[in-house]
>>> print(open('final30.cif').read())   # mmCIF, C-alpha atoms
data_target
loop_
_atom_site.label_atom_id
_atom_site.label_comp_id
_atom_site.auth_asym_id
_atom_site.auth_seq_id
_atom_site.Cartn_x
_atom_site.Cartn_y
_atom_site.Cartn_z
CA MET A 848 28.46 7.94 -0.84
CA ASN A 849 29.59 9.93 -3.88
CA THR A 850 28.10 13.36 -4.59
CA ARG A 851 27.86 15.30 -7.84
CA VAL A 852 25.52 18.01 -9.17
CA SER A 853 22.53 17.23 -11.39
CA ALA A 854 22.42 19.18 -14.63
CA GLY A 855 19.56 21.62 -14.95
CA ARG A 856 17.92 21.35 -11.54
CA ASP A 857 20.84 21.86 -9.21
CA LEU A 858 19.82 18.84 -7.23
CA ALA A 859 22.59 16.93 -5.61
CA VAL A 860 22.97 13.36 -6.83
CA GLU A 861 24.11 10.76 -4.34
CA VAL A 862 25.00 7.15 -4.94
CA THR A 863 24.46 4.49 -2.33
CA THR A 864 24.15 0.73 -2.06
CA GLU A 865 21.57 0.69 0.74
CA PRO A 866 17.89 0.56 -0.27
CA ILE A 867 15.81 3.38 1.18
CA MET A 868 13.03 2.43 3.59
CA ALA A 869 9.83 4.47 3.62
CA TRP A 870 6.11 4.26 4.36
CA ARG A 871 3.39 3.46 1.89
CA ALA A 872 -0.32 2.62 1.79
CA TRP A 873 -2.04 0.33 -0.70
CA ALA A 874 -5.51 -0.73 -1.68
CA LEU A 875 -6.18 -4.46 -1.65
CA THR A 876 -8.07 -6.69 -4.05
CA GLY A 877 -8.77 -10.40 -3.98
CA ARG A 878 -11.36 -13.07 -4.55
CA ARG A 879 -14.39 -13.49 -2.38
CA ASP A 880 -12.69 -16.33 -0.50
CA GLY A 881 -9.66 -14.22 0.36
CA THR A 882 -7.32 -15.72 -2.25
CA ASP A 883 -5.47 -14.00 -5.12
CA LEU A 884 -4.56 -11.05 -2.93
CA LEU A 885 -2.96 -8.12 -4.73
CA LEU A 886 -1.60 -4.86 -3.40
CA ARG A 887 -2.62 -2.00 -5.64
CA PRO A 888 -1.98 1.72 -5.78
CA VAL A 889 -4.70 3.44 -3.83
CA ALA A 890 -6.17 4.90 -7.02
CA GLY A 891 -8.67 2.87 -8.98
CA ARG A 892 -7.48 -0.14 -10.89
CA SER A 893 -3.92 0.89 -11.51
CA ARG A 894 -1.25 -1.73 -12.05
CA PRO A 895 -0.94 -4.05 -9.06
CA TRP A 896 2.26 -4.76 -7.20
CA ARG A 897 2.91 -8.40 -8.11
CA PRO A 898 4.06 -10.78 -5.37
CA LEU A 899 7.77 -11.62 -5.41
CA GLU A 900 8.45 -9.09 -8.20
CA ALA A 901 9.86 -5.62 -7.92
CA ALA A 902 7.32 -2.92 -8.73
CA GLN A 903 8.72 -0.68 -11.46
CA ALA A 904 7.64 2.88 -12.06
CA ALA A 905 6.28 4.00 -15.41
CA CYS A 906 5.05 7.43 -16.39
CA LYS A 907 1.57 7.54 -17.88
CA HIS A 908 1.78 11.27 -18.52
CA ALA A 909 4.87 11.34 -20.69
CA ARG A 910 6.20 8.08 -21.99
CA LEU A 911 9.27 9.74 -23.39
CA HIS A 912 11.09 9.91 -20.11
CA ALA A 913 12.15 7.32 -17.60
CA ALA A 914 10.35 7.33 -14.25
CA PRO A 915 10.83 8.98 -11.89
CA ASN A 916 11.60 12.24 -13.60
CA VAL A 917 12.48 15.37 -11.64
CA ASP A 918 10.14 17.51 -13.72
CA CYS A 919 7.18 15.15 -13.46
CA SER A 920 5.20 13.55 -10.63
CA CYS A 921 5.76 9.98 -11.80
CA GLY A 922 7.40 7.22 -9.81
CA LEU A 923 6.48 4.91 -6.98
CA HIS A 924 5.55 7.18 -4.09
CA ALA A 925 6.41 6.61 -0.45
CA THR A 926 6.63 8.90 2.54
CA HIS A 927 8.98 9.67 5.40
CA ASP A 928 6.19 9.34 7.99
CA ALA A 929 3.13 7.13 8.17
CA ASP A 930 0.93 9.90 9.44
CA ILE A 931 0.80 11.76 6.13
CA LEU A 932 -0.75 8.66 4.53
CA ARG A 933 -3.91 9.30 6.56
CA ARG A 934 -4.87 11.63 3.71
CA THR A 935 -5.08 8.83 1.17
CA ARG A 936 -8.51 7.86 -0.07
CA THR A 937 -8.90 4.15 0.63
CA PRO A 938 -5.89 2.76 2.46
CA ALA A 939 -6.35 -0.95 3.20
CA VAL A 940 -2.74 -1.91 3.86
CA LEU A 941 0.02 0.07 5.51
CA GLY A 942 3.63 -0.93 5.31
CA ARG A 943 7.30 -0.22 4.98
CA VAL A 944 8.68 -0.38 1.50
CA ALA A 945 12.23 -0.68 0.14
CA LEU A 946 13.08 1.74 -2.67
CA TRP A 947 15.92 1.47 -5.11
CA GLY A 948 17.12 2.44 -8.55
CA ARG A 949 16.67 6.14 -9.22
CA VAL A 950 15.03 7.69 -6.17
CA ILE A 951 14.04 11.35 -5.92
CA GLU A 952 13.82 12.50 -2.33
CA HIS A 953 11.22 15.18 -1.59
CA GLU A 954 10.60 17.19 1.55
CA LEU A 955 8.08 14.62 2.85
CA GLY A 956 8.78 11.48 0.89
CA TYR A 957 10.21 9.83 -2.18
CA ARG A 958 9.49 8.87 -5.76
CA ALA A 959 11.32 5.72 -6.77
CA GLU A 960 12.07 3.62 -9.82
CA PHE A 961 11.81 0.23 -8.08
CA ALA A 962 10.14 -0.86 -4.86
CA TYR A 963 9.03 -3.91 -2.91
CA PRO A 964 7.11 -4.07 0.39
CA GLN A 965 9.09 -5.26 3.40
CA THR A 966 6.45 -5.23 6.14
CA VAL A 967 2.68 -4.92 5.79
CA SER A 968 -0.43 -4.87 7.95
CA LEU A 969 -4.09 -4.37 7.25
CA VAL A 970 -5.65 -1.18 8.59
CA CYS A 971 -9.22 -0.10 9.16
CA GLN A 972 -9.25 2.93 6.90
CA PHE A 973 -11.71 4.85 9.08
CA CYS A 974 -9.63 4.32 12.23
CA PHE A 975 -6.51 5.19 10.25
CA TRP A 976 -8.04 8.43 9.04
CA GLN A 977 -9.13 9.39 12.54
CA TRP A 978 -6.38 8.16 14.82
CA GLY A 979 -3.39 7.28 12.69
CA PRO A 980 -1.63 4.00 12.11
CA PHE A 981 -1.40 2.72 15.65
CA GLY A 982 -5.09 2.51 16.41
CA ALA A 983 -6.24 1.03 13.16
CA ARG A 984 -6.23 -2.73 13.57
CA PRO A 985 -9.19 -4.27 11.74
CA SER A 986 -11.28 -7.25 12.84
CA VAL A 987 -12.86 -8.22 9.55
CA VAL A 988 -12.29 -7.78 5.84
CA GLY A 989 -15.28 -7.03 3.66
CA TRP A 990 -15.42 -8.18 0.06
CA PHE A 991 -17.03 -5.60 -2.20
CA SER A 992 -17.73 -5.23 -5.89
CA ARG A 993 -14.78 -5.31 -8.29
CA ASP A 994 -12.98 -7.59 -5.82
CA GLU A 995 -12.15 -4.71 -3.52
CA LEU A 996 -11.21 -5.86 -0.02
CA VAL A 997 -11.82 -3.38 2.80
CA PRO A 998 -10.50 -4.11 6.30
CA LEU A 999 -12.76 -2.76 9.04
CA CYS A 1000 -13.00 -2.82 12.79
CA TRP A 1001 -16.32 -4.05 14.19
CA TRP A 1002 -17.46 -0.57 15.04
CA HIS A 1003 -16.74 0.85 11.60
CA LEU A 1004 -18.30 -2.20 9.95
CA GLU A 1005 -21.50 -1.34 11.75
CA VAL A 1006 -21.21 2.31 10.74
CA ALA A 1007 -20.47 1.35 7.13
CA GLN A 1008 -23.49 -0.94 6.99
CA ARG A 1009 -25.67 1.77 8.47
CA TYR A 1010 -24.71 4.02 5.56
CA GLY A 1011 -25.29 1.38 2.91
CA MET A 1012 -21.73 0.16 2.50
CA GLU A 1013 -22.68 -3.49 2.79
CA PRO A 1014 -19.94 -6.03 2.09
CA ARG A 1015 -20.98 -9.05 0.07
CA ARG A 1016 -18.89 -11.31 2.23
CA LEU A 1017 -16.89 -11.03 5.45
CA VAL A 1018 -13.75 -12.90 6.43
CA GLN A 1019 -11.46 -12.66 9.44
CA ALA A 1020 -8.89 -9.87 9.11
CA ALA A 1021 -6.21 -11.93 10.86
CA GLU A 1022 -6.48 -14.64 8.21
CA VAL A 1023 -6.29 -12.18 5.33
CA ASP A 1024 -3.36 -10.42 7.00
CA LEU A 1025 -1.47 -13.70 7.30
CA ARG A 1026 -2.34 -14.69 3.72
CA LEU A 1027 -1.15 -11.33 2.46
CA ARG A 1028 2.20 -11.71 4.21
CA GLU A 1029 2.57 -15.25 2.87
CA THR A 1030 1.68 -14.11 -0.64
CA TYR A 1031 4.32 -11.37 -0.67
CA ALA A 1032 6.72 -13.27 1.62
CA VAL A 1033 7.10 -10.29 3.93
CA ASP A 1034 6.89 -9.71 7.67
CA ALA A 1035 4.16 -8.08 9.72
CA LEU A 1036 4.48 -4.40 10.36
CA ALA A 1037 5.67 -3.88 13.93
CA TRP A 1038 3.10 -1.71 15.71
CA MET B 300 5.14 19.35 -8.16
CA GLY B 301 1.88 17.54 -7.44
CA PRO B 302 1.35 14.03 -6.23
CA ASP B 303 1.07 11.08 -8.59
CA PRO B 304 -2.67 10.41 -8.88
CA ALA B 305 -1.96 6.82 -9.80
CA ALA B 306 0.12 6.33 -6.70
CA LEU B 307 -1.85 8.26 -4.17
CA GLY B 308 -5.42 7.95 -5.19
CA GLY B 309 -6.15 11.32 -6.61
CA VAL B 310 -6.19 12.77 -3.12
CA PRO B 311 -3.40 15.30 -2.74
CA VAL B 312 -0.76 13.82 -0.52
CA ASN B 313 1.81 16.42 -1.13
CA ILE B 314 5.32 15.16 -0.58
CA GLY B 315 6.76 18.60 -1.15
CA ARG B 316 9.50 19.73 -3.43
CA PRO B 317 12.35 17.53 -4.67
CA GLN B 318 15.47 17.81 -2.57
CA ARG B 319 17.99 15.43 -4.05
CA ILE B 320 18.42 12.46 -6.33
CA ILE B 321 19.67 9.20 -4.91
CA GLU B 322 20.93 6.47 -7.17
CA VAL B 323 20.46 3.31 -5.13
CA GLU B 324 22.41 0.37 -6.47
CA PRO B 325 21.90 -2.38 -3.89
CA ALA B 326 24.37 -5.21 -3.72
CA SER B 327 21.42 -7.58 -3.41
CA LEU B 328 17.84 -6.72 -4.30
CA PRO B 329 15.45 -6.38 -1.35
CA LEU B 330 13.19 -9.09 -2.77
CA PRO B 331 12.14 -12.32 -1.05
CA ASP B 332 13.59 -15.67 -1.96
CA PRO B 333 11.73 -16.88 -5.07
CA ILE B 334 11.01 -20.21 -3.39
CA ALA B 335 9.49 -18.48 -0.37
CA PRO B 336 5.90 -19.34 0.59
CA GLY B 337 3.28 -17.71 -1.52
CA LEU B 338 3.73 -19.47 -4.82
CA GLU B 339 1.07 -22.00 -3.95
CA PRO B 340 -2.34 -20.43 -3.43
CA GLY B 341 -3.69 -21.22 -0.01
CA PRO B 342 -7.14 -22.57 0.72
CA ALA B 343 -10.17 -20.33 0.79
CA ILE B 344 -10.63 -18.25 3.93
CA PRO B 345 -13.94 -19.20 5.55
CA GLU B 346 -16.69 -16.65 5.61
CA ILE B 347 -17.78 -15.14 8.89
CA VAL B 348 -21.32 -16.29 9.42
CA PRO B 349 -23.27 -13.96 11.68
CA ASP B 350 -24.93 -15.42 14.72
CA PRO B 351 -28.53 -16.33 14.01
CA VAL B 352 -30.88 -13.83 15.51
CA THR B 353 -33.36 -15.29 17.93
CA PRO B 354 -36.83 -14.21 16.84
CA PRO B 355 -38.63 -12.15 19.44
CA LYS B 356 -41.25 -13.92 21.45
CA PRO B 357 -44.80 -12.89 20.71
#
>>> encode(input="final30.cif", output="structure tokens")
Amino acid sequence: MNTRVSAGRDLAVEVTTEPIMAWRAWALTGRRDGTDLLLRPVAGRSRPWRPLEAAQAACKHARLHAAPNVDCSCGLHATHDADILRRTRTPAVLGRVALWGRVIEHELGYRAEFAYPQTVSLVCQFCFWQWGPFGARPSVVGWFSRDELVPLCWWHLEVAQRYGMEPRRLVQAAEVDLRLRETYAVDALAW
Amino acid sequence: MGPDPAALGGVPVNIGRPQRIIEVEPASLPLPDPIAPGLEPGPAIPEIVPDPVTPPKP
């Protein structure tokens, strides 16, 4: 690994040939029958991560610089630990992701130029929020408006329905999990 | 340095301050084989049909 000093920010610059592995959460969309699965950034309807293609960062705030930029917040985010991802709004899929190209390492994670998932698993977002990644295995996947797919355990499905979050259709989580891994040609996250 | 709203859902998942820049130039890209499964869409996943509820006896 070579080391030199970045101009302006005094950040060390290192060069390596090994992709960086980190944690990431995604939202999930698909058709009502569980096909056309797409991993998406957790926010809204941002650009999906296409199967078999590297995700590439772009900056929507300032198109004049390449992403990630040290002085911006752009880039494909990932974290050192899975636990911090419990703070995300609607995590449906948790996984390990490979990062490459220009990668800015932060205290708790990374912002990268290119990324592709390596292992993925569906999570019940409510279990994930409460107990972390290792108690969050869902039983079903609910299909909601705008093709949003929400994995849920039986208990949280019942709670969600009680509060008016009624899925239009339910499919088995195990089948969606398998289809997702086939779609992206990746392995299951080891729990 | 705040989080990327597009990447993290508008909920602050603060990854802290930048520490260093890593230029990763992999010898081979960490992407699956392009002929790997997934190019052909699979069949529809069957819907879970709830058990019919037995009506209460009068």
>>> closest_residue(input="final30.cif", among="A:Thr1030, A:Thr876, A:Asn916, A:Thr966", to="chain B", atoms="all atoms listed in the file")
A:Thr1030
>>> residues_near_point(input="final30.cif", point="(-16.8, -23.6, 2.0)", cutoff="12 Å", atoms="all atoms listed in the file", output="count of residues only")
11
>>> closest_residue(input="final30.cif", among="A:Phe961, A:Ala939, A:Lys907, A:His927", to="A:Val1023", atoms="all atoms listed in the file")
A:Ala939
>>> resolve_selection(input="final30.cif", expression="the PyMOL selection byres ((chain A and resi 1025) around 12)", output="PyMOL selection string")
(chain A and resi 881-882+884+966-969+1019-1024+1026-1036) or (chain B and resi 336-337+341+344)
>>> write_last_selection(input="final30.cif", atoms="C-alpha atoms", output="PDB file, keeping the file's coordinate frame")
ATOM      1  CA  GLY A 881      -9.660 -14.220   0.360  1.00  0.00           C
ATOM      2  CA  THR A 882      -7.320 -15.720  -2.250  1.00  0.00           C
ATOM      3  CA  LEU A 884      -4.560 -11.050  -2.930  1.00  0.00           C
ATOM      4  CA  THR A 966       6.450  -5.230   6.140  1.00  0.00           C
ATOM      5  CA  VAL A 967       2.680  -4.920   5.790  1.00  0.00           C
ATOM      6  CA  SER A 968      -0.430  -4.870   7.950  1.00  0.00           C
ATOM      7  CA  LEU A 969      -4.090  -4.370   7.250  1.00  0.00           C
ATOM      8  CA  GLN A1019     -11.460 -12.660   9.440  1.00  0.00           C
ATOM      9  CA  ALA A1020      -8.890  -9.870   9.110  1.00  0.00           C
ATOM     10  CA  ALA A1021      -6.210 -11.930  10.860  1.00  0.00           C
ATOM     11  CA  GLU A1022      -6.480 -14.640   8.210  1.00  0.00           C
ATOM     12  CA  VAL A1023      -6.290 -12.180   5.330  1.00  0.00           C
ATOM     13  CA  ASP A1024      -3.360 -10.420   7.000  1.00  0.00           C
ATOM     14  CA  ARG A1026      -2.340 -14.690   3.720  1.00  0.00           C
ATOM     15  CA  LEU A1027      -1.150 -11.330   2.460  1.00  0.00           C
ATOM     16  CA  ARG A1028       2.200 -11.710   4.210  1.00  0.00           C
ATOM     17  CA  GLU A1029       2.570 -15.250   2.870  1.00  0.00           C
ATOM     18  CA  THR A1030       1.680 -14.110  -0.640  1.00  0.00           C
ATOM     19  CA  TYR A1031       4.320 -11.370  -0.670  1.00  0.00           C
ATOM     20  CA  ALA A1032       6.720 -13.270   1.620  1.00  0.00           C
ATOM     21  CA  VAL A1033       7.100 -10.290   3.930  1.00  0.00           C
ATOM     22  CA  ASP A1034       6.890  -9.710   7.670  1.00  0.00           C
ATOM     23  CA  ALA A1035       4.160  -8.080   9.720  1.00  0.00           C
ATOM     24  CA  LEU A1036       4.480  -4.400  10.360  1.00  0.00           C
TER      25      LEU A1036
ATOM     26  CA  PRO B 336       5.900 -19.340   0.590  1.00  0.00           C
ATOM     27  CA  GLY B 337       3.280 -17.710  -1.520  1.00  0.00           C
ATOM     28  CA  GLY B 341      -3.690 -21.220  -0.010  1.00  0.00           C
ATOM     29  CA  ILE B 344     -10.630 -18.250   3.930  1.00  0.00           C
TER      30      ILE B 344
END
>>> atom_distance(input="final30.cif", atom1="atom CA of A:Leu923", atom2="atom CA of A:Gly989")
27.0 Å
>>> resolve_selection(input="final30.cif", expression="the PyMOL selection byres ((chain A) within 7 of (chain B))", output="mmCIF file with C-alpha atoms, in the frame of the given file")
data_model
loop_
_atom_site.group_PDB
_atom_site.id
_atom_site.type_symbol
_atom_site.label_atom_id
_atom_site.label_comp_id
_atom_site.auth_asym_id
_atom_site.auth_seq_id
_atom_site.Cartn_x
_atom_site.Cartn_y
_atom_site.Cartn_z
ATOM 1 C CA LEU A 858 19.820 18.840 -7.230
ATOM 2 C CA ALA A 859 22.590 16.930 -5.610
ATOM 3 C CA VAL A 860 22.970 13.360 -6.830
ATOM 4 C CA GLU A 861 24.110 10.760 -4.340
ATOM 5 C CA VAL A 862 25.000 7.150 -4.940
ATOM 6 C CA THR A 863 24.460 4.490 -2.330
ATOM 7 C CA THR A 864 24.150 0.730 -2.060
ATOM 8 C CA GLU A 865 21.570 0.690 0.740
ATOM 9 C CA PRO A 866 17.890 0.560 -0.270
ATOM 10 C CA ASP A 880 -12.690 -16.330 -0.500
ATOM 11 C CA GLY A 881 -9.660 -14.220 0.360
ATOM 12 C CA THR A 882 -7.320 -15.720 -2.250
ATOM 13 C CA PRO A 888 -1.980 1.720 -5.780
ATOM 14 C CA VAL A 889 -4.700 3.440 -3.830
ATOM 15 C CA ALA A 890 -6.170 4.900 -7.020
ATOM 16 C CA SER A 893 -3.920 0.890 -11.510
ATOM 17 C CA LEU A 899 7.770 -11.620 -5.410
ATOM 18 C CA SER A 920 5.200 13.550 -10.630
ATOM 19 C CA CYS A 921 5.760 9.980 -11.800
ATOM 20 C CA LEU A 923 6.480 4.910 -6.980
ATOM 21 C CA HIS A 924 5.550 7.180 -4.090
ATOM 22 C CA ARG A 934 -4.870 11.630 3.710
ATOM 23 C CA THR A 935 -5.080 8.830 1.170
ATOM 24 C CA ARG A 936 -8.510 7.860 -0.070
ATOM 25 C CA ALA A 945 12.230 -0.680 0.140
ATOM 26 C CA TRP A 947 15.920 1.470 -5.110
ATOM 27 C CA GLY A 948 17.120 2.440 -8.550
ATOM 28 C CA ARG A 949 16.670 6.140 -9.220
ATOM 29 C CA VAL A 950 15.030 7.690 -6.170
ATOM 30 C CA ILE A 951 14.040 11.350 -5.920
ATOM 31 C CA GLU A 952 13.820 12.500 -2.330
ATOM 32 C CA HIS A 953 11.220 15.180 -1.590
ATOM 33 C CA GLU A 954 10.600 17.190 1.550
ATOM 34 C CA LEU A 955 8.080 14.620 2.850
ATOM 35 C CA GLY A 956 8.780 11.480 0.890
ATOM 36 C CA TYR A 963 9.030 -3.910 -2.910
ATOM 37 C CA ARG A 1016 -18.890 -11.310 2.230
ATOM 38 C CA LEU A 1017 -16.890 -11.030 5.450
ATOM 39 C CA VAL A 1018 -13.750 -12.900 6.430
ATOM 40 C CA GLN A 1019 -11.460 -12.660 9.440
ATOM 41 C CA GLU A 1022 -6.480 -14.640 8.210
ATOM 42 C CA GLU A 1029 2.570 -15.250 2.870
ATOM 43 C CA THR A 1030 1.680 -14.110 -0.640
ATOM 44 C CA TYR A 1031 4.320 -11.370 -0.670
ATOM 45 C CA ALA A 1032 6.720 -13.270 1.620
#
>>> decode(input="final30.cif", residues="stretch 324-335 of chain B", atoms="all heavy atoms", output="mmCIF file, in the first residue's frame")
data_model
loop_
_atom_site.group_PDB
_atom_site.id
_atom_site.type_symbol
_atom_site.label_atom_id
_atom_site.label_comp_id
_atom_site.auth_asym_id
_atom_site.auth_seq_id
_atom_site.Cartn_x
_atom_site.Cartn_y
_atom_site.Cartn_z
ATOM 1 N N GLU B 324 -8.102 -0.098 -6.428
ATOM 2 C CA GLU B 324 -8.005 -0.490 -7.834
ATOM 3 C C GLU B 324 -7.922 -2.011 -7.901
ATOM 4 O O GLU B 324 -6.840 -2.583 -7.991
ATOM 5 C CB GLU B 324 -6.774 0.161 -8.468
ATOM 6 C CG GLU B 324 -6.828 1.689 -8.428
ATOM 7 C CD GLU B 324 -5.471 2.354 -8.622
ATOM 8 O OE1 GLU B 324 -4.470 1.618 -8.784
ATOM 9 O OE2 GLU B 324 -5.416 3.588 -8.593
ATOM 10 N N PRO B 325 -9.073 -2.687 -7.821
ATOM 11 C CA PRO B 325 -9.036 -4.157 -7.739
ATOM 12 C C PRO B 325 -8.545 -4.788 -9.034
ATOM 13 O O PRO B 325 -8.838 -4.287 -10.126
ATOM 14 C CB PRO B 325 -10.487 -4.529 -7.455
ATOM 15 C CG PRO B 325 -11.288 -3.383 -7.922
ATOM 16 C CD PRO B 325 -10.430 -2.163 -7.795
ATOM 17 N N ALA B 326 -7.818 -5.867 -8.863
ATOM 18 C CA ALA B 326 -7.327 -6.599 -10.037
ATOM 19 C C ALA B 326 -8.499 -7.161 -10.826
ATOM 20 O O ALA B 326 -8.480 -7.196 -12.053
ATOM 21 C CB ALA B 326 -6.383 -7.705 -9.576
ATOM 22 N N SER B 327 -9.524 -7.620 -10.120
ATOM 23 C CA SER B 327 -10.750 -8.059 -10.790
ATOM 24 C C SER B 327 -11.923 -7.462 -10.025
ATOM 25 O O SER B 327 -11.913 -7.418 -8.792
ATOM 26 C CB SER B 327 -10.846 -9.583 -10.826
ATOM 27 O OG SER B 327 -10.871 -10.097 -9.518
ATOM 28 N N LEU B 328 -12.917 -6.997 -10.749
ATOM 29 C CA LEU B 328 -14.046 -6.333 -10.104
ATOM 30 C C LEU B 328 -14.872 -7.331 -9.298
ATOM 31 O O LEU B 328 -15.088 -8.467 -9.747
ATOM 32 C CB LEU B 328 -14.933 -5.667 -11.155
ATOM 33 C CG LEU B 328 -14.298 -4.510 -11.923
ATOM 34 C CD1 LEU B 328 -15.287 -3.951 -12.943
ATOM 35 C CD2 LEU B 328 -13.830 -3.412 -10.986
ATOM 36 N N PRO B 329 -15.324 -6.920 -8.121
ATOM 37 C CA PRO B 329 -16.130 -7.828 -7.280
ATOM 38 C C PRO B 329 -17.576 -7.906 -7.770
ATOM 39 O O PRO B 329 -18.519 -7.621 -7.051
ATOM 40 C CB PRO B 329 -16.021 -7.198 -5.894
ATOM 41 C CG PRO B 329 -15.772 -5.755 -6.152
ATOM 42 C CD PRO B 329 -15.016 -5.659 -7.444
ATOM 43 N N LEU B 330 -17.730 -8.279 -9.035
ATOM 44 C CA LEU B 330 -19.055 -8.421 -9.640
ATOM 45 C C LEU B 330 -19.271 -9.876 -10.006
ATOM 46 O O LEU B 330 -18.315 -10.592 -10.322
ATOM 47 C CB LEU B 330 -19.156 -7.561 -10.906
ATOM 48 C CG LEU B 330 -19.153 -6.057 -10.707
ATOM 49 C CD1 LEU B 330 -18.989 -5.345 -12.048
ATOM 50 C CD2 LEU B 330 -20.446 -5.624 -10.040
ATOM 51 N N PRO B 331 -20.523 -10.344 -10.007
ATOM 52 C CA PRO B 331 -20.776 -11.735 -10.373
ATOM 53 C C PRO B 331 -20.535 -11.968 -11.854
ATOM 54 O O PRO B 331 -20.524 -11.032 -12.655
ATOM 55 C CB PRO B 331 -22.242 -11.940 -9.994
ATOM 56 C CG PRO B 331 -22.824 -10.592 -9.953
ATOM 57 C CD PRO B 331 -21.732 -9.642 -9.597
ATOM 58 N N ASP B 332 -20.369 -13.224 -12.193
ATOM 59 C CA ASP B 332 -20.239 -13.641 -13.575
ATOM 60 C C ASP B 332 -21.478 -13.171 -14.339
ATOM 61 O O ASP B 332 -22.606 -13.407 -13.898
ATOM 62 C CB ASP B 332 -20.141 -15.174 -13.591
ATOM 63 C CG ASP B 332 -19.841 -15.708 -14.970
ATOM 64 O OD1 ASP B 332 -20.235 -15.049 -15.953
ATOM 65 O OD2 ASP B 332 -19.234 -16.774 -15.063
ATOM 66 N N PRO B 333 -21.305 -12.546 -15.483
ATOM 67 C CA PRO B 333 -22.488 -12.048 -16.206
ATOM 68 C C PRO B 333 -23.430 -13.137 -16.670
ATOM 69 O O PRO B 333 -24.577 -12.862 -16.995
ATOM 70 C CB PRO B 333 -21.883 -11.288 -17.390
ATOM 71 C CG PRO B 333 -20.479 -11.733 -17.479
ATOM 72 C CD PRO B 333 -20.053 -12.137 -16.110
ATOM 73 N N ILE B 334 -23.001 -14.386 -16.702
ATOM 74 C CA ILE B 334 -23.920 -15.452 -17.097
ATOM 75 C C ILE B 334 -24.488 -16.159 -15.867
ATOM 76 O O ILE B 334 -25.093 -17.201 -15.965
ATOM 77 C CB ILE B 334 -23.257 -16.494 -18.015
ATOM 78 C CG1 ILE B 334 -22.056 -17.140 -17.328
ATOM 79 C CG2 ILE B 334 -22.852 -15.857 -19.331
ATOM 80 C CD1 ILE B 334 -21.537 -18.366 -18.060
ATOM 81 N N ALA B 335 -24.279 -15.563 -14.703
ATOM 82 C CA ALA B 335 -24.813 -16.153 -13.480
ATOM 83 C C ALA B 335 -26.341 -16.131 -13.514
ATOM 84 O O ALA B 335 -26.937 -15.374 -14.279
ATOM 85 C CB ALA B 335 -24.310 -15.370 -12.272
#
